[in-house]
Amino acid sequence: MSQSSSSSSSSTPSPAEGGDLVSSLDKLFKDFKLESEVVSQEAITLIQSHLEKGDLQRAVSAISDALRDIDNAPLNIAVIGESGAGTSSFISALLGVGQDDKNAAYTGSLEINLERTKYEYKKFPNVMLWDLPSLGTTQLPLHEYLQKMKFGEYDFFIVISATCFKENDLHLTMAIRKMKKHFYFVRTKVDVDLKNLRKLKPSTFNKDEVLQRIRNYYVTQLEKANMGDTNIFLVSSLELSDFDFQRLETTLLRELPIHKHQKHHIFMQYLSTVAEVAIDERRDSLRKKVWLEALKAGTSASSLFMGSFSDNDMEKMEESLSFYRSHFSLDDASLETIAKDFNVSVQKLKANLMSPHLLSVEKDDESLDEKLLGYVEKFCPVSASPFYVEMIFYLQNYFLECVAMDAKVLLREDNFKDVVGSGPNSLLQHVRNDNGKSETPSS
């Protein structure tokens, strides 16, 4: 069956066609949803609400829950190719089932299914393969096809071809790149090519040369489309031990965890922006009261100038620091709960923060007075004999800034790496254990 009613779909695209396609894709993706919903809007709203209230403890807990949801969500791989390219046979080979198995992907002389079909990729946990009808078979315009097939939901793609690099191949691969997604390019039925050429030219036939010519052809076509970094695999769905099929599976084993990790990274990148704004707004709101507190303290001071800190001064600064820390859920009780969420000790958590140590002396040759004066020097030279009100203002501002910075530090992505088995190697380890293997696949 022909790929499209248009004769142009069966010809190798020209560079001019590629340029026109870039322009049309730019227009298309202005309104197209590029990313699948990594985390539900409800979860993001909940996290944002906790941050706006300064409840870092509940925010961390909600973020941990969201990361677990991402970890448990399936990775979706779309497999797409022209009618007759062997897409369904390729999927069955990946699934490890025979063509007559009830779980095999549908194959037939006529492609009658115009809807996508989902298969569970049991070799990998939480991975789904989607068999998509070809662009030509649906006879839909590109933008309608992308929306109907829900291209924004897939984490990456496997594009199948059994002949030359055609116009629809170009359309699809450029659309995938425009969505900032990755794909593998798989040339199927190479066993058929070798068999035919061996019959046609038995005296000059050279298997390795034929395979290299096929590979070079696709490398050239993808380079023309500025996609020369694409992984290309030559396979036979009937002879899995030959050609690149095993290399393809090894590449999937190595790269699937990376795609899972990228989902975490996308979420944490978005969250860092939201969190920073919420934390800064809360800090700025508290900062408005700092000057008033300093003036209030100045009215009861025994001297206009600051000499040393009295016990009363120390007590008030401890109260201020405790207030700021509790306002951002960074008090000791909250840090204990956060440490449990991060699966680390409270001591290790505090080691990366400033606010718990602001009023503690850790050097034998330094007094607390000297440490506090060191904070003030960050704003003005102590030799200038600052007014008492200025000293209190500078110190409280510094305490507030440190607490706000600590809140941002706790929400960094690397703090959540032990929350769930979500690192790039967690899926790899699962597959190793499942297969009884211990070695890491080679690059």
# chains A, B, ... in the order shown; residues from 1 in each chain; ligands from 1
call {"tool": "closest_atom_pairs", "arguments": {"of": "stretch 319-339 of chain A", "to": "stretch 347-368 of chain A", "cutoff": "10 Å", "atoms": "only C-alpha atoms", "output": "CSV"}}
result
residue,atom,partner,partner_atom,distance
A:Leu321,CA,A:Ser355,CA,7.8
A:Ser322,CA,A:Pro356,CA,9.2
A:Tyr324,CA,A:Ser355,CA,9.3
A:Arg325,CA,A:Ser355,CA,7.5
A:Leu330,CA,A:Ser355,CA,8.4
A:Asp331,CA,A:Pro356,CA,8.2
A:Asp332,CA,A:Pro356,CA,8.2
A:Leu335,CA,A:Leu349,CA,7.7
A:Glu336,CA,A:Leu349,CA,8.9
A:Ile338,CA,A:Leu349,CA,8.6
A:Ala339,CA,A:Leu349,CA,6.4
call {"tool": "write_last_selection", "arguments": {"atoms": "N, CA, C and O atoms", "output": "tab-separated table (two decimals), in the first residue's frame"}}
result
chain	number	residue	atom	x	y	z
A	321	LEU	N	15.84	35.63	65.06
A	321	LEU	CA	16.28	34.54	64.20
A	321	LEU	C	15.32	33.37	64.29
A	321	LEU	O	14.98	32.76	63.26
A	322	SER	N	14.86	33.04	65.48
A	322	SER	CA	13.89	31.94	65.65
A	322	SER	C	12.60	32.26	64.92
A	322	SER	O	11.99	31.37	64.30
A	324	TYR	N	12.24	34.20	62.22
A	324	TYR	CA	12.46	34.05	60.77
A	324	TYR	C	12.51	32.58	60.37
A	324	TYR	O	11.94	32.17	59.36
A	325	ARG	N	13.22	31.79	61.15
A	325	ARG	CA	13.34	30.37	60.81
A	325	ARG	C	11.99	29.67	60.86
A	325	ARG	O	11.66	28.87	59.96
A	330	LEU	N	11.94	26.49	59.00
A	330	LEU	CA	13.33	26.06	59.11
A	330	LEU	C	13.76	25.93	60.57
A	330	LEU	O	14.94	25.87	60.88
A	331	ASP	N	12.78	25.91	61.48
A	331	ASP	CA	13.08	25.68	62.89
A	331	ASP	C	13.51	24.23	63.06
A	331	ASP	O	13.36	23.39	62.16
A	332	ASP	N	14.07	23.91	64.22
A	332	ASP	CA	14.65	22.58	64.43
A	332	ASP	C	13.63	21.45	64.25
A	332	ASP	O	13.94	20.41	63.67
A	335	LEU	N	13.01	20.99	60.56
A	335	LEU	CA	14.17	20.39	59.89
A	335	LEU	C	14.25	18.88	60.15
A	335	LEU	O	14.71	18.13	59.28
A	336	GLU	N	13.80	18.44	61.31
A	336	GLU	CA	13.79	17.01	61.60
A	336	GLU	C	12.86	16.28	60.64
A	336	GLU	O	13.18	15.21	60.11
A	338	ILE	N	11.86	17.42	57.65
A	338	ILE	CA	12.42	17.54	56.29
A	338	ILE	C	13.55	16.53	56.09
A	338	ILE	O	13.67	15.92	55.03
A	339	ALA	N	14.37	16.34	57.13
A	339	ALA	CA	15.47	15.38	57.04
A	339	ALA	C	14.94	13.97	56.78
A	339	ALA	O	15.53	13.20	56.01
call {"tool": "closest_atom_pairs", "arguments": {"of": "stretch 252-277 of chain A", "to": "stretch 35-59 of chain A", "cutoff": "9 Å", "atoms": "only C-alpha atoms", "output": "tab-separated table"}}
result
residue	atom	partner	partner_atom	distance
A:Lys263	CA	A:Val38	CA	6.5
A:His264	CA	A:Val38	CA	8.2
A:Ile266	CA	A:Val38	CA	7.8
A:Phe267	CA	A:Val38	CA	6.7
A:Leu271	CA	A:Ile44	CA	8.1
A:Val274	CA	A:Gln48	CA	7.0
A:Ala275	CA	A:Leu51	CA	6.5
A:Val277	CA	A:Glu52	CA	8.9
call {"tool": "closest_residue", "arguments": {"among": "A:Glu115, A:Glu401, A:Ile160, A:Asn216", "to": "A:Val290", "atoms": "only C-alpha atoms"}}
result
A:Glu401
call {"tool": "select_by_dssp", "arguments": {"residues": "stretch 49-231 of chain A", "states": "strand (DSSP E or B)", "output": "ChimeraX atom specification"}}
result
/A:75-81,117-120,127-132,156-161,182-187,231
call {"tool": "atom_distance", "arguments": {"atom1": "atom CA of A:Leu114", "atom2": "atom CA of A:Leu170"}}
result
20.8 Å
